[in-house]
Amino acid sequence: SAVISQKPSRDICQRGTSLTIQCQVDSQVTMMFWYRQQPGQSLTLIATANQGSEATYESGFVIDKFPISRPNLTFSTLTVSNMSPEDSSIYLCSVSGTGGTYEQYFGPGTRLTVT
Amino acid sequence: AQSVTQPDIHITVSEGASLELRCNYSYGATPYLFWYVQSPGQGLQLLLKYFSGDTLVQGIKGFEAEFKRSQSSFNLRKPSVHWSDAAEYFCAVVRDGGFKTIFGAGTRLFVKA
């Protein structure tokens, strides 16, 4: 299983500003995933990030609002841009298990509050 | 489209009692099914998974789940609940050849003494 760390663990931000969340994996992985979990809700996939190519965004999420970088096989960042209170959520990164097992390993999450 | 339904938003059981959390899926092919747990202050952790073969799968922390194709269900069970099992439980299915995971809405488990 992969060990994933995220920074920051939490933040309180002013509306209109941006926050970049970092995700570090202890092994090389092809695909990394970013999820949003709004208060009391389930997980919603924002985008899939492959190293060396642009991220693939799910319906309802756009690159201008959630730009993603994937500079190498162990690291990715998600930026939440021009934040509003509706962006207050937990943001999680994850990777898939190896060998075609498809389970997800998650980071501890970043709890974002926008005031 | 693939989907996962967890009909119970929350469930309360007494410590020591048995537990069953329901999950129904909508998927055209043989599904890859998972249960995850999210404990307060902790991240999401995989409890168990089903790919094929034996329809009763064992997981961590004494949990098990049974795949029933005829009912499109993958219910999670535990014979005796401990107070530490209080958490949010998510059923999930993989789609798009393994590239995307769809999560159910979750069931919050409360355990009373």
# chains A, B, ... in the order shown; residues from 1 in each chain; ligands from 1
$ residues_around --residues "region 3-16 of chain B" --least-positions-apart "4" --cutoff "12 Å" --atoms "only C-alpha atoms" --output "ChimeraX atom specification"
/A:40-42 /B:20-28,31-35,72-76,78-95,100-113
$ residues_around --residues "Phe99 (chain B)" --least-positions-apart "2" --cutoff "12 Å" --atoms "only C-alpha atoms" --output "ChimeraX atom specification"
/A:30-33,45,47-50,56,94-97,100-104 /B:32,93-97,101-102
$ residues_around --residues "Thr77 (chain A)" --least-positions-apart "6" --cutoff "12 Å" --atoms "only C-alpha atoms" --output "ChimeraX atom specification"
/A:5-8,19-25,32-34,47-51,55,66-71,91-94,110
$ write_last_selection --atoms "N, CA, C and O atoms" --output "compact mmCIF listing (two decimals), in the first residue's frame"
# COMPACT_ATOMS: atom_id res chain seq x y z
N SER A 5 1.01 11.76 1.86
CA SER A 5 0.94 12.90 2.76
C SER A 5 0.39 14.11 2.01
O SER A 5 0.58 14.21 0.78
N GLN A 6 -0.27 14.97 2.73
CA GLN A 6 -0.82 16.19 2.15
C GLN A 6 -0.45 17.37 3.01
O GLN A 6 -0.41 17.29 4.23
N LYS A 7 -0.23 18.49 2.34
CA LYS A 7 0.00 19.75 3.04
C LYS A 7 -0.76 20.86 2.35
O LYS A 7 -0.81 20.89 1.12
N PRO A 8 -1.35 21.79 3.08
CA PRO A 8 -1.50 21.77 4.53
C PRO A 8 -2.58 20.81 4.98
O PRO A 8 -3.35 20.32 4.15
N LEU A 19 -5.51 28.75 -2.89
CA LEU A 19 -4.74 27.87 -2.03
C LEU A 19 -4.22 26.70 -2.85
O LEU A 19 -4.98 26.09 -3.61
N THR A 20 -2.97 26.37 -2.68
CA THR A 20 -2.39 25.21 -3.35
C THR A 20 -2.15 24.11 -2.34
O THR A 20 -1.52 24.32 -1.31
N ILE A 21 -2.68 22.94 -2.65
CA ILE A 21 -2.56 21.76 -1.80
C ILE A 21 -1.55 20.81 -2.43
O ILE A 21 -1.61 20.54 -3.63
N GLN A 22 -0.65 20.32 -1.60
CA GLN A 22 0.38 19.41 -2.09
C GLN A 22 0.08 17.98 -1.67
O GLN A 22 -0.43 17.74 -0.58
N CYS A 23 0.43 17.06 -2.55
CA CYS A 23 0.24 15.64 -2.30
C CYS A 23 1.52 14.90 -2.67
O CYS A 23 1.99 15.00 -3.81
N GLN A 24 2.06 14.16 -1.70
CA GLN A 24 3.31 13.44 -1.89
C GLN A 24 3.08 11.96 -1.63
O GLN A 24 2.49 11.59 -0.61
N VAL A 25 3.54 11.11 -2.54
CA VAL A 25 3.39 9.66 -2.40
C VAL A 25 4.77 9.05 -2.19
O VAL A 25 5.75 9.53 -2.78
N MET A 32 -2.80 9.84 -10.24
CA MET A 32 -3.20 10.37 -8.95
C MET A 32 -4.57 11.01 -9.12
O MET A 32 -4.91 11.50 -10.21
N PHE A 33 -5.33 10.99 -8.08
CA PHE A 33 -6.71 11.47 -8.13
C PHE A 33 -6.94 12.54 -7.07
O PHE A 33 -6.40 12.45 -5.97
N TRP A 34 -7.75 13.51 -7.41
CA TRP A 34 -8.15 14.54 -6.46
C TRP A 34 -9.66 14.49 -6.26
O TRP A 34 -10.43 14.48 -7.24
N ALA A 47 -10.62 15.42 -10.53
CA ALA A 47 -9.81 15.20 -11.72
C ALA A 47 -8.84 14.06 -11.49
O ALA A 47 -8.55 13.68 -10.35
N THR A 48 -8.35 13.54 -12.59
CA THR A 48 -7.31 12.52 -12.60
C THR A 48 -6.05 13.14 -13.18
O THR A 48 -6.10 13.77 -14.25
N ALA A 49 -4.94 12.96 -12.48
CA ALA A 49 -3.69 13.59 -12.89
C ALA A 49 -2.67 12.53 -13.29
O ALA A 49 -2.29 11.70 -12.48
N ASN A 50 -2.27 12.56 -14.54
CA ASN A 50 -1.22 11.68 -15.05
C ASN A 50 0.05 12.48 -15.23
O ASN A 50 0.02 13.64 -15.66
N GLN A 51 1.17 11.87 -14.91
CA GLN A 51 2.43 12.55 -15.09
C GLN A 51 2.72 12.76 -16.57
O GLN A 51 2.56 11.84 -17.36
N ALA A 55 -4.30 17.20 -16.73
CA ALA A 55 -5.27 16.47 -15.92
C ALA A 55 -6.59 16.34 -16.66
O ALA A 55 -6.94 17.16 -17.51
N PHE A 66 -9.65 24.81 -10.75
CA PHE A 66 -8.88 23.79 -10.03
C PHE A 66 -7.67 23.36 -10.85
O PHE A 66 -7.57 22.20 -11.27
N PRO A 67 -6.72 24.23 -11.10
CA PRO A 67 -5.54 23.81 -11.84
C PRO A 67 -4.73 22.78 -11.06
O PRO A 67 -4.58 22.86 -9.85
N ILE A 68 -4.21 21.81 -11.79
CA ILE A 68 -3.48 20.68 -11.21
C ILE A 68 -2.12 20.59 -11.88
O ILE A 68 -2.01 20.74 -13.10
N SER A 69 -1.10 20.34 -11.09
CA SER A 69 0.21 20.05 -11.65
C SER A 69 0.61 18.63 -11.28
O SER A 69 0.20 18.10 -10.24
N ARG A 70 1.42 18.02 -12.13
CA ARG A 70 1.92 16.67 -11.88
C ARG A 70 3.33 16.60 -12.45
O ARG A 70 3.56 16.00 -13.49
N PRO A 71 4.27 17.19 -11.74
CA PRO A 71 5.62 17.31 -12.29
C PRO A 71 6.42 16.01 -12.32
O PRO A 71 7.36 15.90 -13.11
N TYR A 91 -10.35 18.28 0.88
CA TYR A 91 -9.78 17.88 -0.42
C TYR A 91 -8.81 16.73 -0.17
O TYR A 91 -7.93 16.82 0.67
N LEU A 92 -9.02 15.66 -0.92
CA LEU A 92 -8.22 14.45 -0.73
C LEU A 92 -7.54 14.05 -2.02
O LEU A 92 -8.13 14.14 -3.10
N CYS A 93 -6.30 13.64 -1.90
CA CYS A 93 -5.66 13.01 -3.04
C CYS A 93 -5.57 11.51 -2.79
O CYS A 93 -5.59 11.06 -1.64
N SER A 94 -5.50 10.77 -3.86
CA SER A 94 -5.43 9.32 -3.73
C SER A 94 -4.66 8.72 -4.89
O SER A 94 -4.46 9.37 -5.92
N THR A 110 -7.07 17.67 3.23
CA THR A 110 -6.85 19.08 3.58
C THR A 110 -8.22 19.70 3.83
O THR A 110 -9.07 19.73 2.94
$ residues_around --residues "Ala65 (chain B)" --least-positions-apart "2" --cutoff "8 Å" --atoms "only C-alpha atoms" --output "ChimeraX atom specification"
/B:48,56-59,63,67,74-77
$ write_last_selection --atoms "all heavy atoms" --output "tab-separated table (two decimals), in the first residue's frame"
chain	number	residue	atom	x	y	z
B	48	LEU	N	-12.49	-3.74	2.72
B	48	LEU	CA	-12.46	-4.98	1.94
B	48	LEU	C	-12.83	-4.68	0.49
B	48	LEU	O	-13.28	-3.59	0.16
B	48	LEU	CB	-13.42	-6.01	2.53
B	48	LEU	CG	-14.84	-5.59	2.91
B	48	LEU	CD1	-15.74	-5.48	1.70
B	48	LEU	CD2	-15.44	-6.56	3.92
B	56	LEU	N	-18.37	-14.22	-0.59
B	56	LEU	CA	-18.23	-13.72	0.78
B	56	LEU	C	-16.77	-13.35	0.99
B	56	LEU	O	-15.90	-14.21	0.93
B	56	LEU	CB	-18.67	-14.77	1.79
B	56	LEU	CG	-18.68	-14.34	3.26
B	56	LEU	CD1	-19.71	-13.23	3.49
B	56	LEU	CD2	-18.98	-15.53	4.16
B	57	VAL	N	-16.53	-12.07	1.22
B	57	VAL	CA	-15.15	-11.61	1.37
B	57	VAL	C	-14.93	-11.10	2.78
B	57	VAL	O	-15.82	-10.49	3.39
B	57	VAL	CB	-14.80	-10.52	0.34
B	57	VAL	CG1	-14.81	-11.10	-1.05
B	57	VAL	CG2	-15.76	-9.35	0.43
B	58	GLN	N	-13.74	-11.37	3.27
B	58	GLN	CA	-13.37	-10.93	4.62
B	58	GLN	C	-12.50	-9.69	4.53
B	58	GLN	O	-11.70	-9.53	3.61
B	58	GLN	CB	-12.60	-12.05	5.33
B	58	GLN	CG	-13.36	-13.36	5.41
B	58	GLN	CD	-14.62	-13.26	6.25
B	58	GLN	OE1	-14.65	-12.58	7.28
B	58	GLN	NE2	-15.70	-13.91	5.80
B	59	GLY	N	-12.67	-8.82	5.50
B	59	GLY	CA	-11.86	-7.62	5.52
B	59	GLY	C	-11.18	-7.43	6.86
B	59	GLY	O	-11.11	-8.33	7.67
B	63	PHE	N	-14.79	-7.21	9.71
B	63	PHE	CA	-15.88	-6.98	8.76
B	63	PHE	C	-15.86	-8.02	7.64
B	63	PHE	O	-14.82	-8.55	7.27
B	63	PHE	CB	-15.77	-5.58	8.15
B	63	PHE	CG	-16.19	-4.48	9.09
B	63	PHE	CD1	-15.26	-3.85	9.90
B	63	PHE	CD2	-17.51	-4.07	9.16
B	63	PHE	CE1	-15.64	-2.85	10.77
B	63	PHE	CE2	-17.91	-3.06	10.02
B	63	PHE	CZ	-16.96	-2.44	10.83
B	67	PHE	N	-21.34	-10.47	-1.82
B	67	PHE	CA	-21.76	-10.03	-3.15
B	67	PHE	C	-22.91	-10.91	-3.61
B	67	PHE	O	-22.79	-12.14	-3.65
B	67	PHE	CB	-20.58	-10.14	-4.12
B	67	PHE	CG	-20.96	-9.95	-5.57
B	67	PHE	CD1	-21.45	-8.72	-5.99
B	67	PHE	CD2	-20.82	-10.97	-6.49
B	67	PHE	CE1	-21.80	-8.53	-7.33
B	67	PHE	CE2	-21.16	-10.79	-7.81
B	67	PHE	CZ	-21.65	-9.57	-8.24
B	74	PHE	N	-24.09	-5.53	-2.22
B	74	PHE	CA	-22.79	-5.82	-1.61
B	74	PHE	C	-22.85	-5.28	-0.20
B	74	PHE	O	-22.26	-4.27	0.15
B	74	PHE	CB	-21.67	-5.15	-2.42
B	74	PHE	CG	-20.28	-5.53	-2.01
B	74	PHE	CD1	-19.88	-6.86	-1.99
B	74	PHE	CD2	-19.35	-4.56	-1.66
B	74	PHE	CE1	-18.58	-7.21	-1.62
B	74	PHE	CE2	-18.04	-4.90	-1.30
B	74	PHE	CZ	-17.67	-6.23	-1.28
B	75	ASN	N	-23.57	-5.98	0.67
B	75	ASN	CA	-23.81	-5.51	2.03
B	75	ASN	C	-22.66	-5.84	2.96
B	75	ASN	O	-22.07	-6.93	2.89
B	75	ASN	CB	-25.10	-6.11	2.57
B	75	ASN	CG	-26.32	-5.62	1.81
B	75	ASN	OD1	-26.26	-4.67	1.03
B	75	ASN	ND2	-27.44	-6.30	2.02
B	76	LEU	N	-22.38	-4.91	3.83
B	76	LEU	CA	-21.29	-5.06	4.81
B	76	LEU	C	-21.86	-5.55	6.12
B	76	LEU	O	-22.91	-5.06	6.58
B	76	LEU	CB	-20.61	-3.70	5.00
B	76	LEU	CG	-19.42	-3.65	5.95
B	76	LEU	CD1	-18.21	-4.35	5.34
B	76	LEU	CD2	-19.06	-2.20	6.28
B	77	ARG	N	-21.15	-6.48	6.76
B	77	ARG	CA	-21.65	-7.05	8.02
B	77	ARG	C	-20.54	-7.16	9.04
B	77	ARG	O	-19.34	-7.26	8.70
B	77	ARG	CB	-22.25	-8.45	7.78
B	77	ARG	CG	-23.39	-8.47	6.78
B	77	ARG	CD	-24.16	-9.77	6.87
B	77	ARG	NE	-23.35	-10.91	6.49
B	77	ARG	CZ	-23.57	-11.67	5.42
B	77	ARG	NH1	-24.56	-11.34	4.60
B	77	ARG	NH2	-22.82	-12.70	5.16
$ closest_residue --among "A:Phe75, A:Phe61, A:Tyr105, A:Tyr35" --to "chain B" --atoms "only C-alpha atoms"
A:Tyr105
$ select_by_dssp --residues "chain A" --states "strand (DSSP E)" --output "count of residues only"
59
$ decode --residues "region 4-43 of chain B" --atoms "N, CA and C atoms" --output "compact mmCIF listing (two decimals), in the first residue's frame"
# COMPACT_ATOMS: atom_id res chain seq x y z
N VAL B 4 -23.84 3.85 -7.23
CA VAL B 4 -23.84 3.11 -5.97
C VAL B 4 -24.86 3.77 -5.06
N THR B 5 -25.71 2.97 -4.46
CA THR B 5 -26.74 3.49 -3.56
C THR B 5 -26.58 2.89 -2.18
N GLN B 6 -26.51 3.75 -1.20
CA GLN B 6 -26.52 3.34 0.20
C GLN B 6 -27.81 3.91 0.78
N PRO B 7 -28.80 3.07 0.98
CA PRO B 7 -30.13 3.58 1.35
C PRO B 7 -30.23 4.18 2.75
N ASP B 8 -29.32 3.81 3.62
CA ASP B 8 -29.38 4.28 5.00
C ASP B 8 -28.38 5.42 5.22
N ILE B 9 -28.89 6.60 5.57
CA ILE B 9 -28.01 7.74 5.82
C ILE B 9 -27.26 7.52 7.13
N HIS B 10 -27.97 7.02 8.14
CA HIS B 10 -27.32 6.72 9.41
C HIS B 10 -28.01 5.53 10.06
N ILE B 11 -27.23 4.82 10.86
CA ILE B 11 -27.71 3.65 11.59
C ILE B 11 -27.13 3.71 12.99
N THR B 12 -27.96 3.34 13.97
CA THR B 12 -27.51 3.26 15.36
C THR B 12 -27.67 1.82 15.84
N VAL B 13 -26.60 1.27 16.38
CA VAL B 13 -26.64 -0.07 16.94
C VAL B 13 -26.01 -0.04 18.33
N SER B 14 -26.41 -1.00 19.13
CA SER B 14 -25.82 -1.12 20.46
C SER B 14 -24.50 -1.86 20.38
N GLU B 15 -23.59 -1.50 21.25
CA GLU B 15 -22.31 -2.20 21.29
C GLU B 15 -22.54 -3.68 21.55
N GLY B 16 -21.88 -4.51 20.76
CA GLY B 16 -22.05 -5.95 20.89
C GLY B 16 -23.10 -6.53 19.95
N ALA B 17 -23.94 -5.67 19.40
CA ALA B 17 -24.97 -6.14 18.47
C ALA B 17 -24.36 -6.33 17.09
N SER B 18 -25.12 -7.06 16.24
CA SER B 18 -24.66 -7.27 14.88
C SER B 18 -25.00 -6.06 14.01
N LEU B 19 -24.30 -5.98 12.89
CA LEU B 19 -24.44 -4.82 12.00
C LEU B 19 -24.55 -5.28 10.56
N GLU B 20 -25.43 -4.63 9.81
CA GLU B 20 -25.44 -4.82 8.37
C GLU B 20 -25.69 -3.47 7.71
N LEU B 21 -24.78 -3.06 6.84
CA LEU B 21 -24.92 -1.83 6.07
C LEU B 21 -25.20 -2.21 4.62
N ARG B 22 -26.20 -1.58 4.06
CA ARG B 22 -26.65 -1.97 2.74
C ARG B 22 -25.97 -1.15 1.63
N CYS B 23 -25.75 -1.82 0.52
CA CYS B 23 -25.17 -1.18 -0.65
C CYS B 23 -25.74 -1.85 -1.90
N ASN B 24 -26.27 -1.07 -2.81
CA ASN B 24 -26.72 -1.57 -4.10
C ASN B 24 -25.99 -0.85 -5.21
N TYR B 25 -25.65 -1.56 -6.25
CA TYR B 25 -24.89 -0.97 -7.32
C TYR B 25 -25.64 -1.14 -8.65
N SER B 26 -25.30 -0.29 -9.56
CA SER B 26 -25.82 -0.38 -10.92
C SER B 26 -24.62 -0.43 -11.84
N TYR B 27 -24.42 -1.59 -12.47
CA TYR B 27 -23.22 -1.76 -13.28
C TYR B 27 -23.47 -2.84 -14.30
N GLY B 28 -23.07 -2.64 -15.54
CA GLY B 28 -23.39 -3.58 -16.60
C GLY B 28 -22.57 -4.84 -16.58
N ALA B 29 -21.33 -4.74 -16.15
CA ALA B 29 -20.44 -5.90 -16.20
C ALA B 29 -20.16 -6.37 -14.77
N THR B 30 -19.25 -7.29 -14.64
CA THR B 30 -18.85 -7.75 -13.31
C THR B 30 -18.21 -6.58 -12.58
N PRO B 31 -18.76 -6.21 -11.45
CA PRO B 31 -18.24 -5.01 -10.77
C PRO B 31 -17.04 -5.32 -9.90
N TYR B 32 -16.27 -4.30 -9.69
CA TYR B 32 -15.24 -4.31 -8.66
C TYR B 32 -15.81 -3.45 -7.53
N LEU B 33 -16.02 -4.07 -6.38
CA LEU B 33 -16.74 -3.42 -5.29
C LEU B 33 -15.85 -3.28 -4.06
N PHE B 34 -16.08 -2.20 -3.33
CA PHE B 34 -15.25 -1.88 -2.18
C PHE B 34 -16.10 -1.30 -1.05
N TRP B 35 -15.62 -1.48 0.16
CA TRP B 35 -16.10 -0.73 1.30
C TRP B 35 -14.91 0.00 1.93
N TYR B 36 -15.14 1.29 2.21
CA TYR B 36 -14.16 2.12 2.88
C TYR B 36 -14.77 2.66 4.17
N VAL B 37 -13.89 2.96 5.14
CA VAL B 37 -14.34 3.55 6.39
C VAL B 37 -13.60 4.86 6.62
N GLN B 38 -14.34 5.85 7.10
CA GLN B 38 -13.74 7.14 7.43
C GLN B 38 -14.07 7.44 8.88
N SER B 39 -13.07 7.29 9.73
CA SER B 39 -13.26 7.53 11.16
C SER B 39 -12.99 8.99 11.47
N PRO B 40 -13.61 9.50 12.54
CA PRO B 40 -13.42 10.91 12.90
C PRO B 40 -11.93 11.24 13.06
N GLY B 41 -11.51 12.26 12.35
CA GLY B 41 -10.12 12.68 12.46
C GLY B 41 -9.14 11.81 11.73
N GLN B 42 -9.63 10.81 11.01
CA GLN B 42 -8.74 9.93 10.26
C GLN B 42 -9.13 9.92 8.80
N GLY B 43 -8.25 9.45 8.01
CA GLY B 43 -8.51 9.38 6.59
C GLY B 43 -9.35 8.19 6.21
